[in-house]
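Here is the file model_26.csv (CSV, C-alpha atoms and all ligand atoms).
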```csv
chain,number,residue,atom,x,y,z
D,1,MET,CA,103.9,97.8,99.1
D,2,ALA,CA,100.4,98.7,100.2
D,3,ARG,CA,100.2,102.5,99.9
D,4,LEU,CA,96.5,102.3,98.9
D,5,GLN,CA,95.4,99.7,101.5
D,6,GLY,CA,91.6,100.0,102.1
D,7,LYS,CA,91.2,102.7,99.4
D,8,ARG,CA,88.4,102.6,96.9
D,9,ALA,CA,89.3,103.8,93.4
D,10,LEU,CA,87.6,104.5,90.1
D,11,VAL,CA,89.7,104.7,86.9
D,12,THR,CA,87.8,105.9,83.8
D,13,GLY,CA,89.3,104.4,80.7
D,14,GLY,CA,90.8,101.7,82.9
D,15,THR,CA,90.6,99.0,80.2
D,16,SER,CA,93.6,99.9,78.1
D,17,GLY,CA,97.0,101.7,78.1
D,18,ILE,CA,97.7,104.1,81.0
D,19,GLY,CA,94.4,103.5,82.7
D,20,LEU,CA,94.7,99.7,82.7
D,21,GLU,CA,98.2,99.8,84.0
D,22,THR,CA,97.2,102.3,86.7
D,23,ALA,CA,94.3,100.1,87.8
D,24,ARG,CA,96.7,97.1,88.0
D,25,GLN,CA,99.1,99.2,90.2
D,26,PHE,CA,96.3,100.4,92.4
D,27,ILE,CA,95.2,96.8,93.0
D,28,ALA,CA,98.8,95.8,93.7
D,29,GLU,CA,98.9,98.6,96.3
D,30,GLY,CA,95.9,97.3,98.1
D,31,ALA,CA,93.0,99.3,96.6
D,32,ARG,CA,89.6,98.1,95.5
D,33,VAL,CA,89.2,99.2,91.9
D,34,ALA,CA,86.4,100.0,89.4
D,35,VAL,CA,87.3,100.7,85.8
D,36,THR,CA,85.3,101.9,82.8
D,37,GLY,CA,85.6,101.5,79.1
D,38,SER,CA,83.3,101.7,76.1
D,39,SER,CA,84.1,98.7,73.9
D,40,ASP,CA,83.4,95.0,74.7
D,41,ALA,CA,86.9,94.1,73.6
D,42,SER,CA,88.6,96.4,76.1
D,43,LEU,CA,86.2,95.5,78.9
D,44,ALA,CA,87.1,91.8,78.3
D,45,GLN,CA,90.8,92.7,78.4
D,46,ALA,CA,90.4,94.5,81.7
D,47,ARG,CA,88.6,91.6,83.3
D,48,ALA,CA,91.4,89.2,82.2
D,49,VAL,CA,94.2,91.5,83.4
D,50,LEU,CA,92.6,92.8,86.6
D,51,GLY,CA,91.0,89.6,87.9
D,52,PRO,CA,87.6,88.9,89.4
D,53,ASP,CA,87.8,91.4,92.2
D,54,ALA,CA,87.9,94.5,89.9
D,55,LEU,CA,84.5,96.1,89.0
D,56,VAL,CA,84.6,96.5,85.2
D,57,LEU,CA,81.8,98.8,83.9
D,58,LYS,CA,80.7,99.8,80.5
D,59,SER,CA,80.2,103.6,80.6
D,60,ASP,CA,80.5,106.2,77.9
D,61,ALA,CA,82.8,108.9,79.1
D,62,GLY,CA,81.2,111.4,76.7
D,63,ASP,CA,77.6,111.0,77.9
D,64,VAL,CA,76.6,113.3,80.7
D,65,ALA,CA,73.7,111.2,81.9
D,66,ALA,CA,75.9,108.1,82.1
D,67,GLN,CA,78.2,109.9,84.6
D,68,ALA,CA,75.3,110.0,87.1
D,69,SER,CA,74.7,106.3,86.6
D,70,LEU,CA,78.4,105.5,86.9
D,71,ALA,CA,78.6,107.4,90.2
D,72,ALA,CA,75.6,105.6,91.5
D,73,SER,CA,77.0,102.2,90.6
D,74,VAL,CA,80.3,102.9,92.2
D,75,ALA,CA,78.7,104.3,95.4
D,76,ASP,CA,76.5,101.1,95.5
D,77,ALA,CA,79.4,98.8,95.1
D,78,PHE,CA,82.0,100.6,97.4
D,79,GLY,CA,79.9,102.8,99.7
D,80,GLY,CA,82.0,105.8,98.7
D,81,LEU,CA,85.2,106.7,96.8
D,82,ASP,CA,88.7,107.7,97.9
D,83,ILE,CA,90.5,107.9,94.6
D,84,LEU,CA,89.3,109.0,91.1
D,85,PHE,CA,91.6,108.8,88.1
D,86,VAL,CA,89.9,110.7,85.3
D,87,ASN,CA,91.8,109.1,82.4
D,88,ALA,CA,89.4,108.1,79.6
D,89,GLY,CA,90.2,110.1,76.5
D,90,VAL,CA,90.4,110.1,72.8
D,91,GLY,CA,93.1,111.5,70.5
D,92,ASP,CA,91.6,112.8,67.2
D,93,PHE,CA,94.3,114.4,65.2
D,94,ARG,CA,93.4,116.3,62.0
D,95,PRO,CA,94.6,119.4,60.1
D,96,LEU,CA,92.5,122.5,60.6
D,97,GLU,CA,90.7,122.1,57.3
D,98,ALA,CA,89.5,118.6,58.2
D,99,TRP,CA,87.6,119.5,61.3
D,100,ASP,CA,83.9,119.4,61.5
D,101,GLU,CA,81.4,120.1,64.4
D,102,PRO,CA,80.6,116.4,65.3
D,103,GLY,CA,84.3,115.6,65.6
D,104,PHE,CA,85.0,118.7,67.7
D,105,ASP,CA,82.0,117.9,70.0
D,106,ARG,CA,83.0,114.3,70.4
D,107,SER,CA,86.5,115.2,71.6
D,108,PHE,CA,85.2,117.8,74.0
D,109,ALA,CA,82.5,115.5,75.3
D,110,ILE,CA,84.8,112.7,76.1
D,111,ASN,CA,87.9,114.6,77.2
D,112,LEU,CA,86.3,117.5,79.1
D,113,LYS,CA,82.5,117.6,79.5
D,114,GLY,CA,82.0,114.0,80.7
D,115,PRO,CA,84.9,114.3,83.3
D,116,LEU,CA,83.5,117.5,84.7
D,117,PHE,CA,80.0,116.0,85.2
D,118,LEU,CA,81.5,112.8,86.6
D,119,VAL,CA,83.3,114.8,89.3
D,120,GLN,CA,80.0,116.6,90.0
D,121,ALA,CA,78.1,113.3,90.2
D,122,LEU,CA,80.7,111.8,92.5
D,123,LEU,CA,80.9,114.7,94.9
D,124,PRO,CA,78.4,113.3,97.5
D,125,HIS,CA,80.3,110.1,97.5
D,126,LEU,CA,83.9,111.3,97.9
D,127,ALA,CA,85.6,110.5,101.2
D,128,ASN,CA,87.5,113.1,103.3
D,129,PRO,CA,90.4,112.9,102.4
D,130,ALA,CA,90.1,112.0,98.7
D,131,SER,CA,92.3,112.4,95.7
D,132,ILE,CA,91.4,113.1,92.2
D,133,VAL,CA,94.0,112.9,89.4
D,134,LEU,CA,93.2,114.1,85.9
D,135,ASN,CA,95.1,112.9,82.8
D,136,GLY,CA,96.2,115.9,80.9
D,137,SER,CA,98.8,115.9,78.2
D,138,VAL,CA,101.9,117.8,77.1
D,139,ASN,CA,99.9,118.7,74.0
D,140,ALA,CA,98.4,121.5,76.1
D,141,ARG,CA,101.8,123.1,76.2
D,142,ILE,CA,103.2,122.6,72.7
D,143,GLY,CA,102.0,123.5,69.2
D,144,MET,CA,102.1,120.1,67.6
D,145,PRO,CA,100.5,120.2,64.1
D,146,ASN,CA,97.1,118.5,63.8
D,147,SER,CA,96.5,118.5,67.6
D,148,ILE,CA,94.4,121.6,67.7
D,149,VAL,CA,91.2,120.1,69.2
D,150,TYR,CA,93.0,117.5,71.4
D,151,ALA,CA,95.4,120.1,72.8
D,152,ALA,CA,92.5,122.4,73.5
D,153,THR,CA,90.5,119.7,75.4
D,154,LYS,CA,93.6,119.0,77.5
D,155,ALA,CA,94.4,122.6,78.2
D,156,ALA,CA,90.8,123.1,79.4
D,157,LEU,CA,91.0,119.9,81.5
D,158,ILE,CA,94.2,121.2,83.2
D,159,SER,CA,92.5,124.5,83.9
D,160,THR,CA,89.5,122.7,85.3
D,161,ALA,CA,91.8,120.7,87.6
D,162,ARG,CA,93.2,123.9,89.0
D,163,THR,CA,89.7,125.5,89.6
D,164,LEU,CA,88.4,122.2,91.1
D,165,SER,CA,91.4,122.2,93.4
D,166,GLY,CA,90.4,125.5,94.9
D,167,GLU,CA,86.8,124.6,95.0
D,168,LEU,CA,87.1,121.2,96.6
D,169,ILE,CA,90.1,121.5,99.0
D,170,GLY,CA,87.8,122.6,101.8
D,171,ARG,CA,86.1,119.2,101.5
D,172,GLY,CA,89.4,117.4,101.9
D,173,VAL,CA,89.5,116.6,98.2
D,174,ARG,CA,92.9,117.1,96.5
D,175,VAL,CA,92.9,117.5,92.7
D,176,ASN,CA,96.1,117.1,90.6
D,177,VAL,CA,97.1,116.5,87.0
D,178,VAL,CA,99.5,114.2,85.3
D,179,SER,CA,100.5,115.4,81.8
D,180,PRO,CA,102.2,112.6,79.9
D,181,GLY,CA,104.3,113.0,76.9
D,182,PRO,CA,104.3,110.3,74.2
D,183,ILE,CA,103.5,107.0,75.9
D,184,ALA,CA,103.4,103.7,74.1
D,185,THR,CA,99.7,102.7,74.2
D,186,PRO,CA,97.1,101.6,71.7
D,187,ILE,CA,95.9,105.2,71.4
D,188,TYR,CA,98.2,105.7,68.3
D,189,ASP,CA,96.6,102.7,66.5
D,190,LYS,CA,93.2,104.5,66.9
D,191,LEU,CA,94.2,107.6,65.0
D,192,GLY,CA,93.0,106.2,61.7
D,193,LEU,CA,96.4,106.6,60.0
D,194,GLY,CA,97.9,104.2,57.5
D,195,GLU,CA,101.1,102.3,58.5
D,196,ALA,CA,103.4,104.7,56.7
D,197,ASP,CA,101.8,107.8,58.2
D,198,LEU,CA,101.8,106.3,61.7
D,199,ASP,CA,105.5,105.4,61.4
D,200,GLY,CA,106.2,108.9,60.1
D,201,MET,CA,104.3,110.5,63.1
D,202,LYS,CA,106.2,108.3,65.6
D,203,ARG,CA,109.6,109.1,64.0
D,204,ALA,CA,108.7,112.9,64.2
D,205,ILE,CA,107.7,112.5,67.9
D,206,LEU,CA,110.9,110.5,68.7
D,207,ASP,CA,113.0,113.4,67.2
D,208,GLN,CA,111.5,115.6,69.9
D,209,LEU,CA,112.2,113.2,72.8
D,210,PRO,CA,115.4,113.9,74.7
D,211,VAL,CA,115.4,110.5,76.3
D,212,GLY,CA,115.2,108.9,72.8
D,213,ARG,CA,112.2,106.7,73.4
D,214,PHE,CA,108.4,106.7,74.1
D,215,GLY,CA,107.4,106.4,77.8
D,216,GLU,CA,105.8,103.3,79.2
D,217,PRO,CA,102.3,103.2,80.8
D,218,ALA,CA,103.9,102.0,84.1
D,219,GLU,CA,105.9,105.2,84.3
D,220,VAL,CA,102.8,107.3,84.3
D,221,ALA,CA,100.9,104.9,86.5
D,222,ALA,CA,103.6,105.2,89.2
D,223,ALA,CA,103.1,108.9,89.3
D,224,VAL,CA,99.3,108.5,89.6
D,225,VAL,CA,99.8,106.0,92.5
D,226,HIS,CA,101.9,108.7,94.3
D,227,LEU,CA,99.3,111.4,93.7
D,228,ALA,CA,96.5,109.1,94.7
D,229,SER,CA,98.1,108.1,98.0
D,230,ASP,CA,98.4,110.0,101.2
D,231,GLU,CA,102.2,110.3,100.6
D,232,SER,CA,101.4,113.3,98.3
D,233,ARG,CA,99.0,114.9,100.9
D,234,PHE,CA,100.7,118.3,100.5
D,235,THR,CA,100.5,118.3,96.7
D,236,VAL,CA,97.4,120.2,95.6
D,237,GLY,CA,96.5,121.7,92.3
D,238,SER,CA,99.8,120.6,90.7
D,239,GLU,CA,100.6,119.3,87.2
D,240,LEU,CA,103.2,116.6,87.0
D,241,VAL,CA,104.7,116.5,83.5
D,242,ILE,CA,106.0,113.0,82.6
D,243,ASP,CA,107.5,113.4,79.2
D,244,GLY,CA,111.1,112.3,78.9
D,245,GLY,CA,112.1,116.0,78.8
D,246,MET,CA,110.0,116.8,75.8
D,247,THR,CA,108.8,120.2,77.1
D,248,ASN,CA,111.5,121.2,79.5
D,249,LEU,CA,114.8,120.5,77.9
K,301,LIG,N1,99.5,107.7,75.0
K,301,LIG,C1,99.9,108.9,75.0
K,301,LIG,O1,100.9,109.2,74.4
K,301,LIG,C2,99.2,109.9,75.9
K,301,LIG,C3,99.9,111.1,76.1
K,301,LIG,C4,99.3,112.1,76.9
K,301,LIG,C5,98.0,111.9,77.4
K,301,LIG,N2,97.4,110.7,77.2
K,301,LIG,C6,96.1,110.5,77.7
K,301,LIG,O2,96.0,109.3,78.5
K,301,LIG,C7,94.7,108.9,78.6
K,301,LIG,C8,94.7,107.4,78.3
K,301,LIG,O3,95.2,107.2,77.0
K,301,LIG,P1,96.0,105.9,76.5
K,301,LIG,O4,97.2,106.4,75.8
K,301,LIG,O5,96.2,105.0,77.6
K,301,LIG,O6,95.0,105.3,75.4
K,301,LIG,P2,94.2,104.0,75.2
K,301,LIG,O7,95.0,102.8,75.4
K,301,LIG,O8,93.5,104.2,73.9
K,301,LIG,O9,93.1,104.0,76.4
K,301,LIG,C9,92.0,104.9,76.4
K,301,LIG,C10,91.0,104.4,77.4
K,301,LIG,O10,89.9,105.3,77.4
K,301,LIG,C11,88.7,104.6,77.1
K,301,LIG,N3,87.8,105.4,76.4
K,301,LIG,C12,87.9,106.1,75.3
K,301,LIG,N4,86.8,106.6,74.9
K,301,LIG,C13,85.9,106.3,75.8
K,301,LIG,C14,84.5,106.6,76.0
K,301,LIG,N5,83.8,107.4,75.2
K,301,LIG,N6,83.9,106.1,77.1
K,301,LIG,C15,84.6,105.3,78.0
K,301,LIG,N7,85.9,105.0,77.8
K,301,LIG,C16,86.5,105.5,76.8
K,301,LIG,C17,89.2,103.4,76.3
K,301,LIG,O11,88.2,102.3,76.4
K,301,LIG,P3,87.6,101.8,75.0
K,301,LIG,O12,88.7,101.3,74.2
K,301,LIG,O13,86.7,100.7,75.5
K,301,LIG,O14,86.8,102.9,74.5
K,301,LIG,C18,90.5,103.0,77.0
K,301,LIG,O15,90.2,102.3,78.2
K,301,LIG,C19,93.9,109.7,77.6
K,301,LIG,O16,93.2,110.7,78.2
K,301,LIG,C20,95.0,110.4,76.7
K,301,LIG,O17,94.6,111.6,76.2
K,301,LIG,C21,98.0,109.7,76.4
```

What's the structure tokens form of this structure?
Ligand SMILES: NC(=O)c1ccc[n+]([C@@H]2O[C@H](COP(=O)([O-])OP(=O)(O)OC[C@H]3O[C@@H](n4cnc5c(N)ncnc54)[C@H](OP(=O)(O)O)[C@@H]3O)[C@@H](O)[C@H]2O)c1
Amino acid sequence: MARLQGKRALVTGGTSGIGLETARQFIAEGARVAVTGSSDASLAQARAVLGPDALVLKSDAGDVAAQASLAASVADAFGGLDILFVNAGVGDFRPLEAWDEPGFDRSFAINLKGPLFLVQALLPHLANPASIVLNGSVNARIGMPNSIVYAATKAALISTARTLSGELIGRGVRVNVVSPGPIATPIYDKLGLGEADLDGMKRAILDQLPVGRFGEPAEVAAAVVHLASDESRFTVGSELVIDGGMTNL
């Protein structure tokens, strides 16, 4: 299929997990794609998976000044942008007693502040029509222990999507959210847990999943392709929950 033929897309955090698979599906649907990541290893992985036509950029999603540079690079390369998937994010899970200010600030910088200023920096370059999809999380809707800061960043991001929807629809820019439940990606290996604790966490999550398994990145990416494409042109300010029934059953 070629539902994104001729479209120009940016995927932040498009070097691993959900973002990488979404970038792959965007390309398969005919889009020109730029992705960002922060580590050399993930950037190399993206180059290998996405091929030479993808623009692979090192850009720190938590750095406000970097958002302006990123917007300028994408505008230079593509001349404008039709699709933005704001996906880069970190999961930092700790009990309340273990939180400190730098950790709190880092989560909010990457998951909320950077995304907001990226949309601001890209505004002059967005086509009409354009589609922005933000990656939220079911953690914004449930009280999972140790997720206090992560859940708060995602709740704020989802709220931001709704506000941006109202503010940008007059420019032909649709804003929607995907809120995944547990998806099998490298994010869990980055939590800093030992093997036993990680296994215990995954078992506890599985117990809450009516479908009996974690989701796959491709199952979220397919929804992002739909929201990015013109086939969803009447979908505005929505949150699509993709969680194997975790929050609704
Ligand atoms: N997996 C889940 O269960 C799940 C559920 C709900 C929501 N989500 C959300 O889905 C999004 C993608 O997560 P994932 O599960 O696919 O995790 P992942 O495999 O760890 O991918 C995260 C991506 O974000 C990038 N990233 C992280 N910090 C960055 C920074 N400071 N600057 C630039 N890029 C940065 C990573 O690149 P580097 O490695 O180079 O930093 C990577 O490309 C996140 O927003 C996450 O909160 C995930």

For D:Glu29, please output as a list of chain:residue names all residues within 9 Å (counting only C-alpha atoms; exclusion window: fewer than 6 positions along the same chain).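 Selected residues are D:Met1, D:Ala2, D:Arg3, D:Leu4, D:Gln5, D:Val225.
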
Write out as a ChimeraX atom specification the residues lying within 12 Å of stretch 37-50 of chain D, counting all atoms listed in the file and excluding same-chain residues fewer than 3 positions away. /D:10-17,19-28,31-34,53-63,66,70,86-90,110,186

From the options D:Leu191, D:Leu126, D:Leu198, D:Val236, which residue's atoms come nearest to D:Asp92, counting all atoms listed in the file?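 For D:Asp92, the nearest of the given residues is D:Leu191.
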
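Nearest residue to ligand LIG 301 (chain K), choosing from D:Thr36, D:Ser147, D:Ser238, D:Thr163 and counting all atoms listed in the file: D:Thr36.
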
Pick out the residues sitting within 8 Å of D:Ser179, and hand them over as a PyMOL selection string; count all atoms listed in the file, and ignore anything fewer than 2 positions along from it in its own chain. chain D and resi 135-138+177+181+239-243

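With distances restricted to all atoms listed in the file, D:Phe85 is the closest residue to ligand LIG 301 (chain K) from D:Phe85, D:Trp99, D:Phe234, D:Phe78.
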
Please provide as a list in words all residues within 7 Å of D:Leu209, with the sequence filter that same-chain residues fewer than 4 positions apart are discarded (counting only C-alpha atoms).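 Counting only C-alpha atoms, the residues come to Ile205, Arg213, Gly244, Gly245 and Met246 of chain D.
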
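Straight-line separation from atom CA of D:Val173 to atom CA of D:Ser131: 5.6 Å.
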
Atom pair atom C12 of ligand LIG 301 (chain K) + atom CA of D:Lys113, distance 13.4 Å

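Nearest-residue note for D:Pro180: choosing from D:Ala223, D:Val211, D:Met144, D:Leu81, the minimum distance belongs to D:Ala223, counting only C-alpha atoms.
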
Quote the spacing between atom CA of D:Leu206 and atom CA of D:Ile158 in Å to one decimal place.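 Going from atom CA of D:Leu206 over to atom CA of D:Ile158, I get 24.6 Å.
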
Residues within 10 Å of (83.6, 118.3, 82.9), file coordinates, counting all atoms listed in the file: what are they? Give the list as a list of chain:residue names.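 Nearby residues: D:Gly62, D:Val64, D:Phe108, D:Ala109, D:Ile110, D:Asn111, D:Leu112, D:Lys113, D:Gly114, D:Pro115, D:Leu116, D:Phe117, D:Leu118, D:Val119, D:Gln120, D:Ala156, D:Leu157, D:Thr160, D:Ala161.
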
Could you save the residues just selected, with C-alpha atoms, as a short mmCIF file (atom, residue, chain, number, x, y, z; two decimals), keeping the file's coordinate frame?
```
data_model
loop_
_atom_site.label_atom_id
_atom_site.label_comp_id
_atom_site.auth_asym_id
_atom_site.auth_seq_id
_atom_site.Cartn_x
_atom_site.Cartn_y
_atom_site.Cartn_z
CA GLY D 62 81.20 111.40 76.70
CA VAL D 64 76.60 113.30 80.70
CA PHE D 108 85.20 117.80 74.00
CA ALA D 109 82.50 115.50 75.30
CA ILE D 110 84.80 112.70 76.10
CA ASN D 111 87.90 114.60 77.20
CA LEU D 112 86.30 117.50 79.10
CA LYS D 113 82.50 117.60 79.50
CA GLY D 114 82.00 114.00 80.70
CA PRO D 115 84.90 114.30 83.30
CA LEU D 116 83.50 117.50 84.70
CA PHE D 117 80.00 116.00 85.20
CA LEU D 118 81.50 112.80 86.60
CA VAL D 119 83.30 114.80 89.30
CA GLN D 120 80.00 116.60 90.00
CA ALA D 156 90.80 123.10 79.40
CA LEU D 157 91.00 119.90 81.50
CA THR D 160 89.50 122.70 85.30
CA ALA D 161 91.80 120.70 87.60
#
```

So, with all atoms listed in the file as the atoms that count, which of D:Ala184, D:Ala121, D:Ile142, D:Leu227 lies closest to D:Lys202?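 Of the candidates, the smallest distance to D:Lys202 is held by D:Ala184.
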
From the options D:Val224, D:Ala127, D:Ala68, D:Ile183, which residue's atoms come nearest to ligand LIG 301 (chain K), counting all atoms listed in the file?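 With all atoms listed in the file as the atom set, the closest residue is D:Ile183.
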
Would you give the centre and edge lengths, in Å to one decimal, of a box along x, y and z around the listed atoms of stretch 3-7 of chain D, with 6 Å added to each side, as AutoDock Vina command-line options?
```
--center_x 95.7 --center_y 101.2 --center_z 100.5 --size_x 21.0 --size_y 15.0 --size_z 15.2
```
